[in-house]
>>> print(open('input26.csv').read())   # CSV, C-alpha atoms
chain,number,residue,atom,x,y,z
A,375,MET,CA,0.0,0.0,0.0
A,376,SER,CA,1.4,3.4,-1.0
A,377,ALA,CA,0.0,6.8,-0.5
A,378,ALA,CA,-0.6,8.9,-3.7
A,379,PRO,CA,1.6,12.0,-3.8
A,380,LEU,CA,-0.2,15.2,-3.0
A,381,ARG,CA,-0.2,17.9,-5.7
A,382,SER,CA,-1.6,21.4,-5.5
A,383,PRO,CA,-4.4,21.9,-8.0
A,384,THR,CA,-3.6,24.1,-11.0
A,385,LEU,CA,-5.6,27.3,-10.9
A,386,ARG,CA,-7.1,28.4,-14.2
A,387,PRO,CA,-8.7,31.8,-14.6
A,388,HIS,CA,-12.3,31.6,-15.5
A,389,ARG,CA,-14.8,34.4,-16.0
A,390,MET,CA,-18.2,34.0,-14.6
A,391,LYS,CA,-21.2,36.2,-14.6
A,392,LYS,CA,-21.9,37.8,-11.2
A,393,GLU,CA,-25.1,35.9,-10.8
A,394,GLU,CA,-23.4,32.6,-11.7
A,395,SER,CA,-20.6,33.2,-9.3
A,396,PHE,CA,-22.9,34.1,-6.4
A,397,LEU,CA,-25.2,31.2,-7.0
A,398,GLY,CA,-22.3,28.8,-7.4
A,399,LYS,CA,-20.7,30.0,-4.1
A,400,LEU,CA,-24.0,29.9,-2.4
A,401,GLY,CA,-24.7,26.3,-3.6
A,402,GLY,CA,-21.2,25.2,-2.5
A,403,THR,CA,-21.6,26.8,0.9
A,404,LEU,CA,-25.0,25.1,1.5
A,405,ALA,CA,-23.6,21.8,0.3
A,406,ARG,CA,-20.6,22.1,2.7
A,407,LYS,CA,-22.9,23.1,5.6
A,408,LYS,CA,-25.2,20.2,4.8
A,409,LYS,CA,-22.2,17.8,4.7
A,410,ALA,CA,-20.8,19.2,7.9
A,411,LYS,CA,-24.2,18.9,9.6
A,412,GLU,CA,-24.4,15.2,8.5
A,413,VAL,CA,-21.0,14.4,9.9
A,414,SER,CA,-21.8,16.3,13.1
A,415,ASP,CA,-25.1,14.5,13.5
A,416,LEU,CA,-23.5,11.1,12.9
A,417,GLN,CA,-20.7,11.8,15.4
A,418,GLU,CA,-23.3,12.9,17.9
A,419,GLU,CA,-25.3,9.7,17.3
A,420,GLY,CA,-22.1,7.7,17.9
A,421,LYS,CA,-21.3,9.6,21.1
A,422,ASN,CA,-24.9,9.0,22.3
A,423,ALA,CA,-24.6,5.3,21.6
A,424,ILE,CA,-21.5,5.1,23.8
A,425,ASN,CA,-23.0,7.2,26.5
A,426,ALA,CA,-26.2,5.1,26.4
A,427,SER,CA,-24.2,2.0,27.0
A,428,MET,CA,-22.8,3.5,30.2
A,429,ASN,CA,-26.3,3.8,31.7
A,430,PRO,CA,-27.9,1.0,33.7
A,431,SER,CA,-28.2,-1.9,31.4
A,432,THR,CA,-31.6,-3.3,30.3
A,433,VAL,CA,-30.1,-6.7,29.7
A,434,ASP,CA,-32.0,-9.2,31.8
A,435,ILE,CA,-29.3,-11.1,33.7
A,436,HIS,CA,-30.4,-13.6,36.3
A,437,PRO,CA,-28.6,-13.3,39.6
A,438,GLU,CA,-27.5,-16.9,39.4
A,439,ASP,CA,-25.6,-16.0,36.2
A,440,THR,CA,-23.2,-13.7,38.2
A,441,LEU,CA,-22.6,-16.2,41.0
A,442,LEU,CA,-19.8,-18.1,39.4
A,443,GLU,CA,-16.8,-20.0,40.8
A,444,GLU,CA,-13.2,-19.2,39.9
A,445,ASN,CA,-12.7,-19.9,36.2
A,446,GLU,CA,-16.3,-20.9,35.7
A,447,GLU,CA,-18.0,-19.7,32.5
A,448,ARG,CA,-21.6,-19.1,31.6
A,449,THR,CA,-23.0,-18.2,28.2
A,450,MET,CA,-26.1,-16.1,27.8
A,451,ILE,CA,-28.0,-15.2,24.6
A,452,ASP,CA,-28.1,-11.5,23.9
A,453,PRO,CA,-31.7,-10.2,24.3
A,454,ASN,CA,-31.8,-8.8,20.8
A,455,SER,CA,-31.0,-12.2,19.3
A,456,LYS,CA,-33.9,-13.7,21.1
A,457,GLU,CA,-36.2,-11.5,19.1
A,458,ASP,CA,-34.7,-12.6,15.8
A,459,PRO,CA,-37.6,-14.1,13.7
A,460,LYS,CA,-35.5,-17.1,12.6
A,461,PHE,CA,-34.5,-17.8,16.2
A,462,LYS,CA,-38.0,-17.6,17.5
A,463,GLU,CA,-39.2,-19.8,14.6
A,464,LEU,CA,-36.6,-22.4,15.4
A,465,ILE,CA,-37.7,-22.7,19.0
A,466,LYS,CA,-41.4,-22.9,18.1
A,467,VAL,CA,-40.8,-25.6,15.5
A,468,LEU,CA,-38.8,-27.7,18.0
A,469,ILE,CA,-41.4,-27.3,20.8
A,470,ASP,CA,-44.2,-28.3,18.4
A,471,TRP,CA,-42.2,-31.3,17.2
A,472,ILE,CA,-41.5,-32.5,20.8
A,473,ASN,CA,-45.1,-32.1,21.8
A,474,ASP,CA,-46.2,-34.1,18.7
A,475,VAL,CA,-43.8,-36.9,19.4
A,476,LEU,CA,-44.8,-37.1,23.1
A,477,VAL,CA,-48.6,-36.5,22.6
A,478,GLU,CA,-49.4,-40.1,23.9
A,479,GLU,CA,-47.3,-39.4,27.0
A,480,ARG,CA,-49.4,-36.4,27.8
A,481,ILE,CA,-46.3,-34.3,28.1
A,482,ILE,CA,-46.6,-30.6,27.0
A,483,VAL,CA,-43.4,-28.6,26.6
A,484,LYS,CA,-43.8,-24.8,26.9
A,485,GLN,CA,-40.2,-23.6,27.5
A,486,LEU,CA,-37.1,-25.6,26.4
A,487,GLU,CA,-34.8,-24.5,29.2
A,488,GLU,CA,-37.2,-25.2,32.0
A,489,ASP,CA,-38.8,-28.3,30.7
A,490,LEU,CA,-35.7,-30.2,29.4
A,491,TYR,CA,-32.9,-29.5,31.8
A,492,ASP,CA,-33.6,-32.3,34.3
A,493,GLY,CA,-33.6,-35.1,31.7
A,494,GLN,CA,-37.1,-36.3,32.1
A,495,VAL,CA,-38.5,-35.0,28.8
A,496,LEU,CA,-35.3,-35.9,27.0
A,497,GLN,CA,-35.5,-39.4,28.2
A,498,LYS,CA,-39.1,-39.8,27.0
A,499,LEU,CA,-38.2,-38.1,23.7
A,500,LEU,CA,-35.3,-40.4,23.0
A,501,GLU,CA,-37.2,-43.5,24.0
A,502,LYS,CA,-39.9,-42.6,21.6
A,503,LEU,CA,-37.6,-41.7,18.7
A,504,ALA,CA,-35.2,-44.7,19.1
A,505,ASP,CA,-37.9,-47.1,20.1
A,506,ARG,CA,-35.9,-48.3,23.1
A,507,LYS,CA,-36.2,-48.2,26.9
A,508,LEU,CA,-33.5,-46.5,29.0
A,509,ASN,CA,-32.6,-47.9,32.3
A,510,VAL,CA,-33.1,-44.8,34.4
A,511,ALA,CA,-35.2,-43.7,37.4
A,512,GLU,CA,-38.5,-42.3,36.2
A,513,VAL,CA,-38.6,-39.3,38.6
A,514,THR,CA,-35.7,-37.7,40.3
A,515,GLN,CA,-35.8,-34.5,42.4
A,516,SER,CA,-32.2,-34.1,43.6
A,517,GLU,CA,-29.6,-32.4,41.4
A,518,ILE,CA,-27.3,-35.5,41.6
A,519,GLY,CA,-30.1,-37.7,40.5
A,520,GLN,CA,-31.1,-35.4,37.6
A,521,LYS,CA,-27.5,-35.2,36.4
A,522,GLN,CA,-27.1,-39.0,36.6
A,523,LYS,CA,-30.3,-39.4,34.4
A,524,LEU,CA,-28.9,-36.8,32.0
A,525,GLN,CA,-25.6,-38.6,31.8
A,526,THR,CA,-27.4,-41.9,30.9
A,527,VAL,CA,-29.6,-40.1,28.3
A,528,LEU,CA,-26.8,-38.2,26.7
A,529,GLU,CA,-24.6,-41.3,26.5
A,530,ALA,CA,-27.4,-43.0,24.6
A,531,VAL,CA,-27.7,-40.0,22.3
A,532,HIS,CA,-23.9,-39.9,21.7
A,533,ASP,CA,-23.9,-43.7,20.8
A,534,LEU,CA,-26.5,-42.9,18.1
A,535,LEU,CA,-24.9,-39.7,16.7
A,536,ARG,CA,-21.1,-40.3,16.9
A,537,PRO,CA,-21.0,-43.1,14.3
A,538,HIS,CA,-22.6,-40.7,11.8
A,539,GLY,CA,-20.0,-37.9,12.3
A,540,TRP,CA,-22.0,-35.6,14.6
A,541,THR,CA,-20.0,-33.1,16.6
A,542,ILE,CA,-21.1,-33.0,20.2
A,543,LYS,CA,-21.8,-29.4,21.3
A,544,TRP,CA,-23.4,-30.1,24.6
A,545,ASN,CA,-22.8,-31.9,27.9
A,546,VAL,CA,-24.5,-32.7,31.2
A,547,ASP,CA,-23.5,-29.4,32.9
A,548,SER,CA,-24.7,-27.2,30.0
A,549,ILE,CA,-28.0,-29.0,29.6
A,550,HIS,CA,-28.7,-29.1,33.4
A,551,GLY,CA,-27.5,-25.4,33.6
A,552,LYS,CA,-30.4,-24.5,31.2
A,553,ASN,CA,-28.0,-23.4,28.4
A,554,LEU,CA,-30.4,-22.8,25.6
A,555,ILE,CA,-27.6,-22.9,22.9
A,556,SER,CA,-26.6,-26.4,24.0
A,557,ILE,CA,-30.2,-27.5,24.2
A,558,LEU,CA,-30.9,-26.3,20.7
A,559,HIS,CA,-27.8,-28.0,19.3
A,560,LEU,CA,-29.0,-31.3,20.9
A,561,LEU,CA,-32.5,-31.0,19.6
A,562,VAL,CA,-31.5,-30.0,16.1
A,563,ALA,CA,-29.1,-33.0,16.0
A,564,LEU,CA,-31.9,-35.4,17.1
A,565,ALA,CA,-34.4,-33.9,14.7
A,566,MET,CA,-32.0,-34.2,11.7
A,567,HIS,CA,-30.8,-37.7,12.7
A,568,PHE,CA,-34.3,-39.1,13.0
A,569,ARG,CA,-35.5,-37.1,10.0
A,570,ALA,CA,-38.2,-35.4,11.8
A,571,PRO,CA,-41.1,-34.3,9.5
A,572,ILE,CA,-40.4,-30.6,10.2
A,573,ARG,CA,-38.9,-27.7,8.4
A,574,LEU,CA,-36.1,-26.0,10.3
A,575,PRO,CA,-35.3,-22.3,9.4
A,576,GLU,CA,-32.0,-22.0,7.6
A,577,HIS,CA,-28.8,-20.3,8.9
A,578,VAL,CA,-29.9,-19.5,12.4
A,579,SER,CA,-27.3,-17.6,14.4
A,580,VAL,CA,-27.3,-15.7,17.7
A,581,GLN,CA,-25.0,-13.3,19.5
A,582,VAL,CA,-24.0,-14.4,23.0
A,583,VAL,CA,-22.5,-12.8,26.1
A,584,VAL,CA,-19.9,-14.9,27.9
A,585,VAL,CA,-19.6,-14.3,31.6
A,586,ARG,CA,-16.3,-15.6,33.2
A,587,VAL,CA,-14.7,-15.2,36.6
A,588,SER,CA,-11.0,-15.3,36.7
A,589,THR,CA,-8.6,-13.4,39.0
A,590,ASP,CA,-5.5,-14.5,37.0
A,591,SER,CA,-6.8,-14.2,33.5
A,592,TRP,CA,-4.8,-13.4,30.4
A,593,GLN,CA,-6.4,-9.9,30.3
A,594,GLN,CA,-4.6,-9.1,33.6
A,595,GLN,CA,-1.3,-10.6,32.3
A,596,MET,CA,-1.6,-8.4,29.2
A,597,GLY,CA,-2.6,-5.3,31.1
A,598,LEU,CA,-6.2,-5.2,29.9
A,599,CYS,CA,-8.0,-5.0,33.2
A,600,THR,CA,-9.2,-1.4,33.0
A,601,ARG,CA,-12.5,-1.1,31.4
A,602,ASP,CA,-14.0,1.9,29.5
A,603,ALA,CA,-17.1,3.0,27.6
A,604,PHE,CA,-16.3,0.7,24.7
A,605,ASP,CA,-16.1,-2.4,27.0
A,606,THR,CA,-19.5,-1.5,28.3
A,607,LEU,CA,-20.8,-1.0,24.8
A,608,PHE,CA,-19.6,-4.4,23.7
A,609,ASP,CA,-21.1,-6.1,26.9
A,610,HIS,CA,-24.4,-4.4,27.2
A,611,ALA,CA,-25.3,-2.5,24.0
A,612,PRO,CA,-24.0,-4.4,21.0
A,613,ASP,CA,-27.0,-3.3,19.0
A,614,LYS,CA,-25.4,0.3,19.0
A,615,LEU,CA,-22.1,-1.0,17.8
A,616,SER,CA,-22.9,-0.4,14.2
A,617,VAL,CA,-23.7,3.3,14.9
A,618,VAL,CA,-20.4,3.8,16.7
A,619,LYS,CA,-18.4,2.1,14.0
A,620,LYS,CA,-20.1,4.2,11.3
A,621,SER,CA,-19.4,7.4,13.2
A,622,LEU,CA,-15.7,6.4,13.6
A,623,ILE,CA,-15.3,5.4,9.9
A,624,THR,CA,-16.8,8.8,8.9
A,625,PHE,CA,-14.4,10.6,11.2
A,626,VAL,CA,-11.4,8.6,9.9
A,627,ASN,CA,-12.2,9.0,6.2
A,628,LYS,CA,-12.8,12.7,6.7
A,629,HIS,CA,-9.0,12.9,7.2
A,630,LEU,CA,-7.6,9.9,5.3
A,631,ASN,CA,-9.4,10.9,2.1
A,632,LYS,CA,-6.9,13.7,1.9
A,633,LEU,CA,-4.4,11.0,1.0
A,634,ASN,CA,-6.8,9.2,-1.3
A,635,LEU,CA,-7.3,6.5,1.3
A,636,GLU,CA,-10.6,5.1,2.5
A,637,VAL,CA,-11.5,2.9,5.4
A,638,THR,CA,-14.4,0.5,5.2
A,639,GLU,CA,-13.5,-2.1,7.9
A,640,LEU,CA,-11.9,-0.8,11.1
A,641,GLU,CA,-11.0,-4.3,12.5
A,642,THR,CA,-8.8,-5.2,9.5
A,643,GLN,CA,-7.5,-2.0,8.0
A,644,PHE,CA,-6.2,-0.6,11.3
A,645,ALA,CA,-4.6,-3.9,12.5
A,646,ASP,CA,-1.2,-3.2,10.9
A,647,GLY,CA,-0.9,0.3,12.3
A,648,VAL,CA,-0.3,2.0,9.0
A,649,TYR,CA,-3.5,4.0,8.8
A,650,LEU,CA,-3.2,4.8,12.5
A,651,VAL,CA,0.2,6.4,11.9
A,652,LEU,CA,-1.0,8.3,8.8
A,653,LEU,CA,-4.1,9.5,10.7
A,654,MET,CA,-2.0,10.9,13.6
A,655,GLY,CA,0.1,12.9,11.1
A,656,LEU,CA,-3.0,14.3,9.4
A,657,LEU,CA,-4.6,15.2,12.8
A,658,GLU,CA,-1.5,16.9,14.1
A,659,ASP,CA,-0.7,18.5,10.7
A,660,TYR,CA,2.8,17.1,10.2
A,661,PHE,CA,4.5,14.7,7.8
A,662,VAL,CA,5.5,11.3,9.3
A,663,PRO,CA,8.9,10.3,7.8
A,664,LEU,CA,8.5,6.9,6.0
A,665,HIS,CA,11.7,5.5,7.6
A,666,ASN,CA,10.0,5.7,11.0
A,667,PHE,CA,7.4,3.0,10.2
A,668,TYR,CA,6.7,0.2,7.7
A,669,LEU,CA,4.4,1.4,5.0
A,670,THR,CA,3.8,-2.2,3.8
A,671,PRO,CA,4.4,-4.4,6.9
A,672,GLU,CA,4.7,-8.1,6.2
A,673,SER,CA,5.6,-9.6,9.5
A,674,PHE,CA,3.9,-9.6,12.9
A,675,ASP,CA,6.8,-7.7,14.4
A,676,GLN,CA,6.6,-5.0,11.8
A,677,LYS,CA,2.9,-4.5,12.5
A,678,VAL,CA,3.5,-4.3,16.2
A,679,HIS,CA,6.2,-1.7,15.5
A,680,ASN,CA,3.7,0.4,13.6
A,681,VAL,CA,1.1,0.3,16.3
A,682,SER,CA,3.7,1.1,19.0
A,683,PHE,CA,4.9,4.0,17.0
A,684,ALA,CA,1.3,5.3,16.5
A,685,PHE,CA,0.8,5.1,20.2
A,686,GLU,CA,4.0,7.2,20.8
A,687,LEU,CA,2.6,9.8,18.4
A,688,MET,CA,-0.7,9.9,20.4
A,689,GLN,CA,1.2,10.5,23.6
A,690,ASP,CA,3.4,13.2,21.9
A,691,GLY,CA,0.1,14.8,20.9
A,692,GLY,CA,-1.0,15.1,24.5
A,693,LEU,CA,-3.2,12.0,24.7
A,694,LYS,CA,-3.0,9.5,27.5
A,695,LYS,CA,-1.2,6.2,26.9
A,696,PRO,CA,-3.6,3.8,25.2
A,697,LYS,CA,-4.9,1.0,27.3
A,698,ALA,CA,-4.5,-1.6,24.6
A,699,ARG,CA,-1.2,-3.3,24.0
A,700,PRO,CA,0.2,-3.2,20.5
A,701,GLU,CA,0.6,-7.0,20.5
A,702,VAL,CA,-3.2,-7.5,20.8
A,703,PHE,CA,-4.4,-4.7,18.5
A,704,PRO,CA,-7.2,-4.5,17.5
A,705,LEU,CA,-8.7,-6.1,20.7
A,706,LYS,CA,-12.4,-6.4,20.1
A,707,SER,CA,-14.5,-8.7,18.0
A,708,LEU,CA,-18.2,-9.8,18.2
A,709,ASN,CA,-18.9,-13.2,19.6
A,710,LEU,CA,-21.3,-15.1,17.3
A,711,LYS,CA,-22.6,-18.6,17.9
A,712,ILE,CA,-23.9,-20.6,14.9
A,713,ILE,CA,-26.7,-23.0,15.8
A,714,TYR,CA,-26.4,-25.2,12.8
>>> encode(input="input26.csv", output="C-alpha cells")
Amino acid sequence: MSAAPLRSPTLRPHRMKKEESFLGKLGGTLARKKKAKEVSDLQEEGKNAINASMNPSTVDIHPEDTLLEENEERTMIDPNSKEDPKFKELIKVLIDWINDVLVEERIIVKQLEEDLYDGQVLQKLLEKLADRKLNVAEVTQSEIGQKQKLQTVLEAVHDLLRPHGWTIKWNVDSIHGKNLISILHLLVALAMHFRAPIRLPEHVSVQVVVVRVSTDSWQQQMGLCTRDAFDTLFDHAPDKLSVVKKSLITFVNKHLNKLNLEVTELETQFADGVYLVLLMGLLEDYFVPLHNFYLTPESFDQKVHNVSFAFELMQDGGLKKPKARPEVFPLKSLNLKIIY
C-alpha cells in the first residue's frame, strides 16, 4: 500500500457572470454546511450510543448468572438475538415437534430450558424416537439424580450420533444449567438424525454474552483490566455498535481521504498500524517520515512496531497512553454462535 503524492491543484482563470458566481458559491456553501451537519449528526449519534451503554443496562441477567466459581464460565444469549424471527421460529418448530412426538405421554413442553434441563422429557423423547427403553429412574428430584439421568440419556444420544459424524456441542452441565444454545444443538441434531417431519429455518445464528470469573486471566497478564465505555458498549449495547463504527469510519475517512485513502472495515484496516500512523500525522498536521514505520508491513513484528509508533505519536500529541497493548491490537470482536 502506498499513498498517492499530494499535488496542488492548478488554478485556471475563468470568467463568470456575477449571478453565476454568487449562486455557485451559495450552492457550494450550502452543500458544505449540509455535509458538515451530516458528519456532526453522525458523530453525535455515535457519542450518544456510547453514553447510552454506560447507563444501567436493560439486559435481563439472572442473579445466578453472576454467582460463578473461579474460572467458571456461563453463556447467555443477547436479548436482541432472542427477538430474531428465525431464532423464534426455530424454538417454536422444535417445541411443536417434541409435543407431537410425546402426545401419547401427555407431556406438554412450553419452554425448552425449564422443561428439558432435568432429563425427564429428553428421556421420553429419545425412547420414543429410538424405540428403546432406557434404564433410568422415572422421577428424580435431587440435582445429583437429575445429572445421573442426564448422563445416561446423553450417552445414549452420543452412541447414536457419533457413528454418523455428529460433533457433540453439549454436555451434562450445559443442559442441566439450562444453556439454551446447548439444548438447541442437541434437539436440532436429534431432529435431523431421526429425519423429523419438520422444516427448520436456515442459517440461524445468535449473539451471545460470555460471563467468566478469573482473577488471574490473560487480560490481567496483558494489562487489559481497566474497562472503559467501549467495553461497556460491547457487553451491554452491541446493537449500538454499528452506529459507533459508522461514526468512527466517517471521522477517519474525513482525514484519510486527503491521501486518497478510504476505510471500510476498522478491524482489519487498522490492524497493521499504517492507517493509524498516517491518521495521527493528518490530525497533528505534520508529515511522518517513511523511515519511521513500515508502509507495507509483512511480519507480525513490523505491524507491532507500527502500532507502537502510532501510540507514541498519540502520547506526543497530548493523549493518554492507550490502554490496549500493540501485541493484541485490535482487541475487540463480536462473539457469534452458529446454531447449525
>>> closest_residue(input="input26.csv", among="A:Val617, A:Ala530, A:Gln525, A:Leu633", to="Leu508 in chain A", atoms="only C-alpha atoms")
A:Ala530
>>> residues_around(input="input26.csv", residues="Pro663 in chain A", least_positions_apart="3", cutoff="12 Å", atoms="all atoms listed in the file", output="number ranges by chain")
A: 651-652, 655, 660, 666-669, 683
>>> write_last_selection(input="input26.csv", atoms="C-alpha atoms", output="PDB file, in the coordinates of the input")
ATOM      1  CA  VAL A 651       0.200   6.400  11.900  1.00  0.00           C
ATOM      2  CA  LEU A 652      -1.000   8.300   8.800  1.00  0.00           C
ATOM      3  CA  GLY A 655       0.100  12.900  11.100  1.00  0.00           C
ATOM      4  CA  TYR A 660       2.800  17.100  10.200  1.00  0.00           C
ATOM      5  CA  ASN A 666      10.000   5.700  11.000  1.00  0.00           C
ATOM      6  CA  PHE A 667       7.400   3.000  10.200  1.00  0.00           C
ATOM      7  CA  TYR A 668       6.700   0.200   7.700  1.00  0.00           C
ATOM      8  CA  LEU A 669       4.400   1.400   5.000  1.00  0.00           C
ATOM      9  CA  PHE A 683       4.900   4.000  17.000  1.00  0.00           C
TER      10      PHE A 683
END
>>> closest_residue(input="input26.csv", among="A:Ser548, A:Leu560, A:Glu529, A:Met654", to="Asp690 in chain A", atoms="only C-alpha atoms")
A:Met654
>>> closest_residue(input="input26.csv", among="A:Thr541, A:Asp675, A:Ile572, A:Asn680", to="Tyr649 in chain A", atoms="all atoms listed in the file")
A:Asn680
>>> decode(input="input26.csv", residues="range 493-502 of chain A", atoms="all heavy atoms", output="PDB file, in the first residue's frame")
ATOM      1  N   GLY A 493     -33.697 -33.796  32.345  1.00  0.00           N
ATOM      2  CA  GLY A 493     -33.550 -35.078  31.650  1.00  0.00           C
ATOM      3  C   GLY A 493     -34.826 -35.881  31.491  1.00  0.00           C
ATOM      4  O   GLY A 493     -34.857 -36.852  30.736  1.00  0.00           O
ATOM      5  N   GLN A 494     -35.897 -35.520  32.183  1.00  0.00           N
ATOM      6  CA  GLN A 494     -37.133 -36.296  32.146  1.00  0.00           C
ATOM      7  C   GLN A 494     -37.748 -36.314  30.736  1.00  0.00           C
ATOM      8  O   GLN A 494     -38.059 -37.377  30.187  1.00  0.00           O
ATOM      9  CB  GLN A 494     -38.143 -35.720  33.154  1.00  0.00           C
ATOM     10  CG  GLN A 494     -39.465 -36.464  33.243  1.00  0.00           C
ATOM     11  CD  GLN A 494     -39.342 -37.801  33.951  1.00  0.00           C
ATOM     12  OE1 GLN A 494     -38.374 -38.022  34.678  1.00  0.00           O
ATOM     13  NE2 GLN A 494     -40.296 -38.688  33.730  1.00  0.00           N
ATOM     14  N   VAL A 495     -37.918 -35.128  30.148  1.00  0.00           N
ATOM     15  CA  VAL A 495     -38.516 -35.036  28.814  1.00  0.00           C
ATOM     16  C   VAL A 495     -37.560 -35.609  27.768  1.00  0.00           C
ATOM     17  O   VAL A 495     -37.991 -36.295  26.827  1.00  0.00           O
ATOM     18  CB  VAL A 495     -38.871 -33.577  28.484  1.00  0.00           C
ATOM     19  CG1 VAL A 495     -39.365 -33.451  27.041  1.00  0.00           C
ATOM     20  CG2 VAL A 495     -39.938 -33.059  29.446  1.00  0.00           C
ATOM     21  N   LEU A 496     -36.261 -35.340  27.916  1.00  0.00           N
ATOM     22  CA  LEU A 496     -35.284 -35.870  26.971  1.00  0.00           C
ATOM     23  C   LEU A 496     -35.289 -37.394  26.979  1.00  0.00           C
ATOM     24  O   LEU A 496     -35.131 -38.035  25.930  1.00  0.00           O
ATOM     25  CB  LEU A 496     -33.884 -35.348  27.307  1.00  0.00           C
ATOM     26  CG  LEU A 496     -33.597 -33.887  26.948  1.00  0.00           C
ATOM     27  CD1 LEU A 496     -32.222 -33.478  27.453  1.00  0.00           C
ATOM     28  CD2 LEU A 496     -33.706 -33.668  25.442  1.00  0.00           C
ATOM     29  N   GLN A 497     -35.460 -37.971  28.153  1.00  0.00           N
ATOM     30  CA  GLN A 497     -35.543 -39.429  28.249  1.00  0.00           C
ATOM     31  C   GLN A 497     -36.724 -39.957  27.447  1.00  0.00           C
ATOM     32  O   GLN A 497     -36.580 -40.867  26.623  1.00  0.00           O
ATOM     33  CB  GLN A 497     -35.696 -39.864  29.703  1.00  0.00           C
ATOM     34  CG  GLN A 497     -35.973 -41.358  29.878  1.00  0.00           C
ATOM     35  CD  GLN A 497     -36.686 -41.678  31.183  1.00  0.00           C
ATOM     36  OE1 GLN A 497     -36.695 -40.865  32.109  1.00  0.00           O
ATOM     37  NE2 GLN A 497     -37.299 -42.853  31.268  1.00  0.00           N
ATOM     38  N   LYS A 498     -37.914 -39.379  27.664  1.00  0.00           N
ATOM     39  CA  LYS A 498     -39.113 -39.818  26.963  1.00  0.00           C
ATOM     40  C   LYS A 498     -38.993 -39.586  25.454  1.00  0.00           C
ATOM     41  O   LYS A 498     -39.428 -40.422  24.644  1.00  0.00           O
ATOM     42  CB  LYS A 498     -40.334 -39.077  27.499  1.00  0.00           C
ATOM     43  CG  LYS A 498     -40.634 -39.353  28.975  1.00  0.00           C
ATOM     44  CD  LYS A 498     -41.003 -40.811  29.182  1.00  0.00           C
ATOM     45  CE  LYS A 498     -41.367 -41.093  30.638  1.00  0.00           C
ATOM     46  NZ  LYS A 498     -41.696 -42.520  30.875  1.00  0.00           N
ATOM     47  N   LEU A 499     -38.392 -38.461  25.085  1.00  0.00           N
ATOM     48  CA  LEU A 499     -38.233 -38.142  23.663  1.00  0.00           C
ATOM     49  C   LEU A 499     -37.333 -39.153  22.962  1.00  0.00           C
ATOM     50  O   LEU A 499     -37.669 -39.666  21.884  1.00  0.00           O
ATOM     51  CB  LEU A 499     -37.653 -36.728  23.513  1.00  0.00           C
ATOM     52  CG  LEU A 499     -37.418 -36.240  22.080  1.00  0.00           C
ATOM     53  CD1 LEU A 499     -38.739 -36.124  21.329  1.00  0.00           C
ATOM     54  CD2 LEU A 499     -36.687 -34.893  22.089  1.00  0.00           C
ATOM     55  N   LEU A 500     -36.184 -39.461  23.590  1.00  0.00           N
ATOM     56  CA  LEU A 500     -35.253 -40.408  22.982  1.00  0.00           C
ATOM     57  C   LEU A 500     -35.850 -41.809  22.922  1.00  0.00           C
ATOM     58  O   LEU A 500     -35.681 -42.530  21.923  1.00  0.00           O
ATOM     59  CB  LEU A 500     -33.939 -40.420  23.755  1.00  0.00           C
ATOM     60  CG  LEU A 500     -32.839 -41.312  23.175  1.00  0.00           C
ATOM     61  CD1 LEU A 500     -32.483 -40.890  21.763  1.00  0.00           C
ATOM     62  CD2 LEU A 500     -31.609 -41.313  24.069  1.00  0.00           C
ATOM     63  N   GLU A 501     -36.529 -42.221  23.982  1.00  0.00           N
ATOM     64  CA  GLU A 501     -37.156 -43.548  23.991  1.00  0.00           C
ATOM     65  C   GLU A 501     -38.179 -43.678  22.861  1.00  0.00           C
ATOM     66  O   GLU A 501     -38.271 -44.717  22.214  1.00  0.00           O
ATOM     67  CB  GLU A 501     -37.827 -43.790  25.343  1.00  0.00           C
ATOM     68  CG  GLU A 501     -36.840 -44.024  26.482  1.00  0.00           C
ATOM     69  CD  GLU A 501     -37.539 -44.252  27.814  1.00  0.00           C
ATOM     70  OE1 GLU A 501     -38.731 -43.887  27.936  1.00  0.00           O
ATOM     71  OE2 GLU A 501     -36.893 -44.798  28.740  1.00  0.00           O
ATOM     72  N   LYS A 502     -38.918 -42.598  22.620  1.00  0.00           N
ATOM     73  CA  LYS A 502     -39.935 -42.631  21.572  1.00  0.00           C
ATOM     74  C   LYS A 502     -39.293 -42.645  20.187  1.00  0.00           C
ATOM     75  O   LYS A 502     -39.689 -43.414  19.300  1.00  0.00           O
ATOM     76  CB  LYS A 502     -40.840 -41.399  21.712  1.00  0.00           C
ATOM     77  CG  LYS A 502     -42.166 -41.514  20.991  1.00  0.00           C
ATOM     78  CD  LYS A 502     -43.096 -42.474  21.698  1.00  0.00           C
ATOM     79  CE  LYS A 502     -44.474 -42.492  21.051  1.00  0.00           C
ATOM     80  NZ  LYS A 502     -45.385 -43.457  21.717  1.00  0.00           N
TER      81      LYS A 502
END
